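Enquirer: If it helps, the file is called protein03.txt and holds compact mmCIF, C-alpha atoms:
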```txt
# COMPACT_ATOMS: atom_id res chain seq x y z
CA MET A 75 107.55 -100.53 -56.50
CA ARG A 76 104.63 -100.82 -58.91
CA ILE A 77 102.31 -103.71 -58.05
CA VAL A 78 99.65 -104.77 -60.56
CA VAL A 79 96.87 -106.93 -59.12
CA CYS A 80 94.77 -108.80 -61.69
CA VAL A 81 91.17 -109.30 -60.54
CA LYS A 82 88.13 -110.98 -62.03
CA GLU A 83 84.41 -110.63 -61.42
CA VAL A 84 82.62 -113.97 -60.95
CA LEU A 85 79.21 -115.27 -59.98
CA ASP A 86 78.92 -115.85 -56.25
CA PRO A 87 80.05 -119.51 -56.06
CA ASN A 88 77.98 -120.22 -52.94
CA ALA A 89 74.81 -119.01 -54.64
CA VAL A 90 75.57 -121.05 -57.77
CA ASN A 91 76.15 -124.15 -55.65
CA ASN A 92 72.80 -123.60 -53.94
CA TYR A 93 71.11 -123.39 -57.34
CA VAL A 94 72.77 -126.66 -58.36
CA LEU A 95 71.81 -128.48 -55.16
CA ALA A 96 68.22 -127.31 -55.50
CA GLY A 97 68.14 -128.41 -59.14
CA ASN A 98 67.39 -124.87 -60.31
CA LEU A 99 70.50 -124.11 -62.35
CA LYS A 100 69.39 -123.82 -65.98
CA PHE A 101 71.21 -122.84 -69.15
CA ALA A 102 70.05 -120.59 -71.95
CA ALA A 103 69.22 -121.82 -75.45
CA ASP A 104 72.88 -121.54 -76.48
CA GLY A 105 73.74 -124.30 -73.99
CA LYS A 106 76.56 -122.24 -72.52
CA THR A 107 75.13 -119.33 -70.54
CA PRO A 108 73.75 -120.05 -67.06
CA GLU A 109 70.44 -118.34 -66.30
CA VAL A 110 71.40 -116.82 -62.97
CA ALA A 111 70.10 -113.27 -63.09
CA ALA A 112 69.41 -113.38 -59.35
CA VAL A 113 72.95 -114.51 -58.46
CA PRO A 114 75.17 -111.63 -57.32
CA ARG A 115 78.53 -110.98 -58.95
CA LEU A 116 81.59 -110.30 -56.82
CA ILE A 117 85.37 -110.33 -56.81
CA ASN A 118 86.95 -113.74 -57.23
CA GLY A 119 87.96 -114.91 -53.75
CA PHE A 120 91.57 -115.74 -54.64
CA ASP A 121 91.97 -112.37 -56.38
CA GLU A 122 90.73 -110.65 -53.22
CA GLN A 123 93.56 -112.38 -51.39
CA ALA A 124 96.00 -111.18 -54.05
CA MET A 125 94.83 -107.66 -53.19
CA GLU A 126 95.38 -108.47 -49.52
CA ALA A 127 98.94 -109.62 -50.28
CA ALA A 128 99.66 -106.28 -51.96
CA LEU A 129 98.20 -104.37 -49.01
CA ARG A 130 100.27 -106.38 -46.54
CA LEU A 131 103.43 -105.43 -48.44
CA ARG A 132 102.44 -101.78 -48.06
CA ASP A 133 101.65 -102.31 -44.37
CA ALA A 134 105.14 -103.79 -43.94
CA GLY A 135 106.69 -100.54 -45.16
CA VAL A 136 107.20 -101.25 -48.87
CA ASP A 137 106.90 -98.01 -50.87
CA CYS A 138 104.49 -99.12 -53.58
CA ARG A 139 101.73 -98.08 -55.93
CA ILE A 140 98.96 -100.66 -56.25
CA VAL A 141 97.03 -100.93 -59.53
CA ALA A 142 93.96 -103.18 -59.83
CA VAL A 143 93.09 -104.24 -63.39
CA SER A 144 90.22 -106.34 -64.73
CA ILE A 145 88.76 -107.41 -68.08
CA GLY A 146 85.04 -107.33 -68.79
CA GLN A 147 82.09 -104.98 -68.92
CA ASP A 148 80.41 -102.89 -66.22
CA LEU A 149 83.22 -103.46 -63.72
CA LYS A 150 82.78 -100.27 -61.70
CA ASP A 151 81.53 -102.03 -58.55
CA LEU A 152 84.35 -104.56 -58.66
CA LEU A 153 87.07 -101.98 -59.20
CA LYS A 154 85.67 -99.53 -56.66
CA HIS A 155 85.76 -102.37 -54.14
CA CYS A 156 89.48 -102.68 -54.91
CA ALA A 157 89.84 -98.91 -54.53
CA ALA A 158 88.10 -99.06 -51.15
CA LEU A 159 90.51 -101.78 -50.09
CA GLY A 160 93.45 -99.54 -50.95
CA ALA A 161 94.25 -99.65 -54.68
CA ASP A 162 95.81 -96.39 -55.90
CA GLU A 163 94.61 -96.89 -59.45
CA ILE A 164 91.87 -99.00 -61.07
CA VAL A 165 91.79 -100.07 -64.72
CA SER A 166 88.99 -101.62 -66.78
CA ILE A 167 89.71 -103.35 -70.10
CA ASP A 168 86.65 -103.84 -72.31
CA ALA A 169 86.84 -106.88 -74.57
CA GLY A 170 83.74 -105.74 -76.43
CA GLY A 171 81.62 -108.67 -75.35
CA ALA A 172 83.75 -111.12 -77.33
CA GLU A 173 84.35 -114.63 -76.02
CA ILE A 174 87.98 -114.84 -74.95
CA ASP A 175 90.03 -117.66 -73.49
CA GLY A 176 92.84 -117.71 -70.94
CA GLN A 177 95.51 -117.00 -73.53
CA VAL A 178 93.74 -113.87 -74.82
CA ILE A 179 93.15 -112.67 -71.24
CA ALA A 180 96.85 -113.11 -70.52
CA ASN A 181 97.76 -111.34 -73.77
CA LEU A 182 95.59 -108.36 -72.81
CA LEU A 183 96.86 -108.11 -69.24
CA ALA A 184 100.49 -108.42 -70.36
CA ALA A 185 99.93 -105.80 -73.07
CA TYR A 186 98.40 -103.42 -70.53
CA ILE A 187 101.30 -103.91 -68.12
CA LYS A 188 103.84 -103.26 -70.89
CA SER A 189 102.01 -100.19 -72.20
CA SER A 190 101.56 -98.64 -68.74
CA GLY A 191 105.19 -98.68 -67.68
CA GLY A 192 105.65 -102.27 -66.58
CA ALA A 193 105.36 -103.78 -63.12
CA ASP A 194 107.79 -104.84 -60.43
CA LEU A 195 105.30 -107.34 -59.10
CA VAL A 196 102.18 -108.91 -60.65
CA LEU A 197 99.82 -110.53 -58.16
CA CYS A 198 96.99 -112.85 -59.20
CA GLY A 199 94.68 -115.27 -57.45
CA ARG A 200 95.72 -118.90 -57.84
CA GLN A 201 92.63 -119.56 -60.00
CA ALA A 202 89.14 -118.26 -60.72
CA SER A 203 86.17 -119.80 -58.95
CA ASP A 204 84.14 -120.06 -62.17
CA ASP A 205 86.51 -122.04 -64.43
CA ASP A 206 89.17 -123.21 -61.91
CA GLN A 207 91.87 -123.34 -64.61
CA GLY A 208 94.60 -121.18 -63.06
CA VAL A 209 96.47 -120.74 -66.34
CA VAL A 210 96.32 -116.95 -66.80
CA PRO A 211 99.06 -115.98 -64.29
CA ILE A 212 101.52 -118.46 -65.82
CA LEU A 213 100.77 -117.15 -69.32
CA ILE A 214 101.25 -113.55 -68.13
CA ALA A 215 104.66 -114.49 -66.74
CA GLU A 216 105.56 -116.10 -70.06
CA GLN A 217 104.44 -113.02 -72.01
CA LEU A 218 106.41 -110.65 -69.76
CA GLY A 219 109.46 -112.88 -69.37
CA MET A 220 109.11 -112.89 -65.58
CA ALA A 221 109.75 -115.58 -63.00
CA VAL A 222 106.61 -116.99 -61.41
CA ALA A 223 105.97 -118.28 -57.89
CA PRO A 224 102.60 -120.06 -57.60
CA LEU A 225 100.45 -120.87 -54.56
CA ALA A 226 101.83 -118.22 -52.22
CA ARG A 227 100.66 -118.16 -48.61
CA ALA A 228 102.95 -115.23 -47.71
CA VAL A 229 104.81 -112.58 -49.71
CA GLU A 230 107.61 -110.42 -48.29
CA TYR A 231 109.99 -107.88 -49.80
CA ASN A 232 113.05 -106.63 -47.97
CA GLY A 233 116.29 -105.10 -49.21
CA GLY A 234 115.50 -105.88 -52.83
CA VAL A 235 114.84 -109.56 -52.06
CA LEU A 236 111.42 -111.06 -52.75
CA LYS A 237 110.56 -113.92 -50.39
CA VAL A 238 107.59 -116.15 -51.12
CA THR A 239 106.26 -118.91 -48.87
CA ARG A 240 104.47 -121.46 -51.04
CA ALA A 241 101.76 -123.83 -49.82
CA THR A 242 102.54 -127.21 -51.40
CA PRO A 243 101.06 -130.69 -50.85
CA ASP A 244 104.28 -131.60 -49.03
CA GLY A 245 104.27 -128.55 -46.73
CA ASP A 246 105.53 -124.99 -46.95
CA GLU A 247 108.31 -124.12 -49.37
CA VAL A 248 110.24 -120.84 -49.19
CA VAL A 249 111.72 -119.35 -52.36
CA GLU A 250 113.64 -116.10 -52.80
CA GLY A 251 114.42 -114.02 -55.83
CA SER A 252 114.38 -110.56 -57.32
CA THR A 253 111.73 -108.53 -59.05
CA PRO A 254 110.07 -108.36 -61.52
CA ALA A 255 108.00 -111.46 -60.82
CA VAL A 256 104.51 -112.92 -61.04
CA ILE A 257 103.00 -114.48 -57.91
CA THR A 258 99.75 -116.39 -57.57
CA VAL A 259 98.14 -116.15 -54.13
CA SER A 260 96.27 -118.96 -52.41
CA ASN A 261 93.65 -118.94 -49.67
CA GLU A 262 96.30 -119.99 -47.11
CA LEU A 263 97.28 -116.30 -47.03
CA GLY A 264 94.44 -115.79 -44.56
CA THR A 265 91.24 -113.79 -44.32
CA PRO A 266 91.31 -110.61 -46.44
CA ARG A 267 90.36 -107.31 -44.86
CA PHE A 268 87.06 -105.48 -45.36
CA PRO A 269 87.01 -101.86 -46.51
CA SER A 270 85.83 -99.26 -44.00
CA ALA A 271 82.77 -97.11 -44.62
CA LYS A 272 85.05 -94.10 -45.04
CA ALA A 273 87.13 -95.92 -47.65
CA LYS A 274 84.00 -96.94 -49.54
CA MET A 275 82.83 -93.34 -49.66
CA ALA A 276 86.23 -92.19 -50.95
CA ALA A 277 86.29 -94.95 -53.57
CA ARG A 278 83.06 -93.65 -55.09
CA LYS A 279 84.99 -90.64 -56.37
CA MET A 280 87.68 -92.73 -58.10
CA ALA A 281 87.00 -93.31 -61.79
CA PRO A 282 88.61 -96.30 -63.50
CA THR A 283 90.90 -95.89 -66.49
CA GLU A 284 88.93 -97.46 -69.32
CA LEU A 285 90.71 -99.17 -72.20
CA ALA A 286 89.47 -101.05 -75.24
CA ALA A 287 91.02 -104.41 -76.01
CA SER A 288 91.49 -103.34 -79.62
CA ALA A 289 93.71 -100.48 -78.43
CA LEU A 290 96.06 -102.94 -76.72
CA LEU A 291 96.31 -105.78 -79.22
CA PRO A 292 95.77 -106.42 -82.93
CA ALA A 293 92.73 -108.42 -83.94
CA ASP A 294 94.64 -111.67 -84.52
CA GLN A 295 95.81 -111.74 -80.89
CA LEU A 296 92.22 -111.39 -79.65
CA GLN A 297 91.05 -114.66 -81.24
CA PRO A 298 90.61 -117.47 -78.71
CA ALA A 299 92.22 -120.84 -79.36
CA VAL A 300 89.85 -122.54 -76.90
CA VAL A 301 86.11 -121.97 -77.40
CA LEU A 302 83.40 -122.95 -74.92
CA THR A 303 80.84 -125.13 -76.67
CA GLN A 304 78.63 -126.39 -73.84
CA GLN A 305 78.04 -126.24 -70.10
CA PHE A 306 75.74 -128.54 -68.17
CA VAL A 307 75.08 -129.87 -64.70
CA PRO A 308 75.85 -133.60 -64.64
CA GLU A 309 73.30 -135.97 -63.22
CA VAL A 310 74.58 -137.54 -60.02
CA GLN A 311 73.08 -140.83 -58.92
CA GLY A 312 73.66 -142.40 -55.55
CA ASN A 313 72.74 -145.84 -54.26
CA CYS A 314 72.59 -146.63 -50.57
CA GLU A 315 72.51 -150.16 -49.21
CA PHE A 316 71.86 -150.92 -45.54
CA LEU A 317 73.53 -153.87 -43.89
CA SER A 318 71.89 -155.83 -41.11
CA GLY A 319 73.44 -158.18 -38.62
CA ALA A 320 73.29 -159.43 -35.08
CA SER A 321 76.50 -157.72 -33.96
CA PRO A 322 78.99 -155.02 -35.01
CA ALA A 323 81.49 -157.76 -35.83
CA GLU A 324 79.04 -159.40 -38.25
CA LEU A 325 78.31 -156.05 -39.90
CA ALA A 326 82.03 -155.43 -40.27
CA GLN A 327 82.53 -158.82 -41.91
CA GLN A 328 79.69 -158.13 -44.37
CA LEU A 329 81.15 -154.73 -45.23
CA LEU A 330 84.63 -156.15 -45.79
CA GLN A 331 83.25 -158.90 -48.00
CA LYS A 332 81.31 -156.41 -50.15
CA LEU A 333 84.39 -154.18 -50.50
CA ARG A 334 86.44 -157.20 -51.58
CA ASN A 335 83.76 -158.27 -54.06
CA ASP A 336 83.75 -154.77 -55.56
CA ARG A 337 87.57 -154.81 -55.61
CA VAL A 338 87.77 -151.70 -53.50
CA ILE A 339 90.21 -153.50 -51.20
```
Give the structure from this file in C-alpha cells form.
Expert:
Amino acid sequence: MRIVVCVKEVLDPNAVNNYVLAGNLKFAADGKTPEVAAVPRLINGFDEQAMEAALRLRDAGVDCRIVAVSIGQDLKDLLKHCAALGADEIVSIDAGGAEIDGQVIANLLAAYIKSSGGADLVLCGRQASDDDQGVVPILIAEQLGMAVAPLARAVEYNGGVLKVTRATPDGDEVVEGSTPAVITVSNELGTPRFPSAKAKMAARKMAPTELAASALLPADQLQPAVVLTQQFVPEVQGNCEFLSGASPAELAQQLLQKLRNDRVI
C-alpha cells in the first residue's frame, strides 16, 4: 500500500494567539502579511495526526510505504520531522513564491500523486490551523476520483477493507469501503508520537525530492480563483455590568428581567 500524507507548515497557533491577546500582532504594509518573525513555524497539528494515522496502520501490520508531501519554500525542517516520525519518502513542491488558493494546492497535490504512481490512501489533516478552511482534501478527492471519509478518529485496514471511525456531532460513525480513498484526520485520533533522538539523526541524512509547481501543472492551473486581499485583527469590546441586591433571589430576578429586556430569553 502506498500512503501519501499531505502536510503543511504553519505559524505556531499558540504563539500567534499570544501576540493577538497582547495586542502585538501587526500586519505589513500590504495589509495581508503578519509581522511575526519571532513566531516559530511547525507542522500543522491535524497533519501531524494524519502522519500518526499512517504510522498506526504500519504498526498494525499493514505493508505500506509512507510518503510525506508539502507545498512551499524552505520545507526541510518540516519534512525531516516527518522522516523522523517514520516517513519513507519526503517531497517538497515549490510554488515559486506565488499566492495560491485551496484549489491550486489541491491541483498540485493531485498532480503529484498521479505523476508519482498514484496512492492507495491519501491522508490529510481535517483543516489547517492558519486558515481553518478544510477544503483541500475534498478537492484532492474530486481531482483523483476517490471516495472521501472526513473527520476520522480511527483508521483501520484489514483484508482489503478500509474501516474509518468518524467523529461527528451526533457521535461516532463507522464507514467501510475499499481503496483508493482520501481520509481527513481529526484530533480525536489521539496524541501523536514524538520522534526519537536516533530517528532525528537518521532523518538528517534523508534529502527531500524537490519539484517545481510548473513541472506538474500548466500555468493556467496555477492561477488562484480566490485571492487574499486583507487580514486584520478585529477590535473586541466588552461591557460588564454588576448587579446588586439584598439576596441571591433578588439578584436572580434582576438578571432574568435584564435577559428578557434584551430578548435573550
Enquirer: Extract, using all atoms listed in the file, all DNA, RNA and protein residues at most 8 Å from A:Val210, discarding same-chain residues fewer than 5 positions from it, and format them as a list in words.
Expert: Gly176, Gln177, Ile179 and Ala180 of chain A
Enquirer: When you look at A:Ala289 with a cut-off of 12 Å (counting only C-alpha atoms), what residues show up, excluding the ones that are within fewer than 4 positions of it in the same chain? I need them as a VMD selection string.
Expert: chain A and resid 167 to 170 182 185 to 186 189 284 to 285 293 295 to 296
Enquirer: Quick check, in Å to one decimal: how far apart do atom CA of A:Val178 and atom CA of A:Arg115 lie?
Expert: 22.2 Å
Enquirer: Residues near stretch 309-316 of chain A, anyone? I mean within 12 Å using all atoms listed in the file, not counting same-chain ones fewer than 6 positions away, as an MDAnalysis selection string.
Expert: chainID A and resid 94:95 97 325 328:329 332
Enquirer: At a cut-off of 6 Å, using all atoms listed in the file, what residues contact stretch 106-113 of chain A? Leave out same-chain residues fewer than 6 positions from it and give the result as a VMD selection string.
Expert: chain A and resid 100 304 to 305
Enquirer: One number please: atom CA of A:Phe120 to atom CA of A:Leu263, in Å, one decimal.
Expert: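 For atom CA of A:Phe120 relative to atom CA of A:Leu263, the distance reads 9.5 Å.
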Enquirer: Rounded to one decimal place, report the atom CA of A:Leu183-atom CA of A:Arg132 distance in Å.
Expert: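 If I compute the distance from atom CA of A:Leu183 to atom CA of A:Arg132, I get 22.8 Å.
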Enquirer: Given all atoms listed in the file as the basis, pick out the residue of A:Asp294, A:Glu163, A:Asp204, A:Glu173 nearest to A:Ser190.
Expert: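 Closest to A:Ser190, using all atoms listed in the file: A:Glu163.
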Enquirer: So, counting only C-alpha atoms, which residue among A:Leu152, A:Ala277, A:Val229, A:Val256 is closest to A:Arg130?
Expert: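 The answer is A:Val229, which sits nearest to A:Arg130.
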Enquirer: List the spatial neighbours of A:Ile212 as a ChimeraX atom specification - criterion: any atom at most 9 Å away, all atoms listed in the file, same-chain residues fewer than 2 positions off excluded.
Expert: /A:180,208-210,214-217,222,224,256-258
Enquirer: Output the selection as a compact mmCIF listing (two decimals), in the frame of the given file - C-alpha atoms for each residue.
Expert:
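Contents of again.txt, as written:
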```
# COMPACT_ATOMS: atom_id res chain seq x y z
CA ALA A 180 96.85 -113.11 -70.52
CA GLY A 208 94.60 -121.18 -63.06
CA VAL A 209 96.47 -120.74 -66.34
CA VAL A 210 96.32 -116.95 -66.80
CA ILE A 214 101.25 -113.55 -68.13
CA ALA A 215 104.66 -114.49 -66.74
CA GLU A 216 105.56 -116.10 -70.06
CA GLN A 217 104.44 -113.02 -72.01
CA VAL A 222 106.61 -116.99 -61.41
CA PRO A 224 102.60 -120.06 -57.60
CA VAL A 256 104.51 -112.92 -61.04
CA ILE A 257 103.00 -114.48 -57.91
CA THR A 258 99.75 -116.39 -57.57
```
Enquirer: Report as JSON the centre and the edge lengths, in Å to one decimal, of the axis-aligned box holding every listed atom of stretch 181-192 of chain A, padded by 4 Å on each side.
Expert:
```
{"center_x": 100.6, "center_y": -105.0, "center_z": -70.2, "size_x": 18.1, "size_y": 20.7, "size_z": 15.2}
```
Enquirer: Select, from A:Thr265, A:Thr253, A:Gln123, A:Thr242, the residue with the minimum atom-to-atom distance to A:Leu225, counting all atoms listed in the file.
Expert: A:Thr242
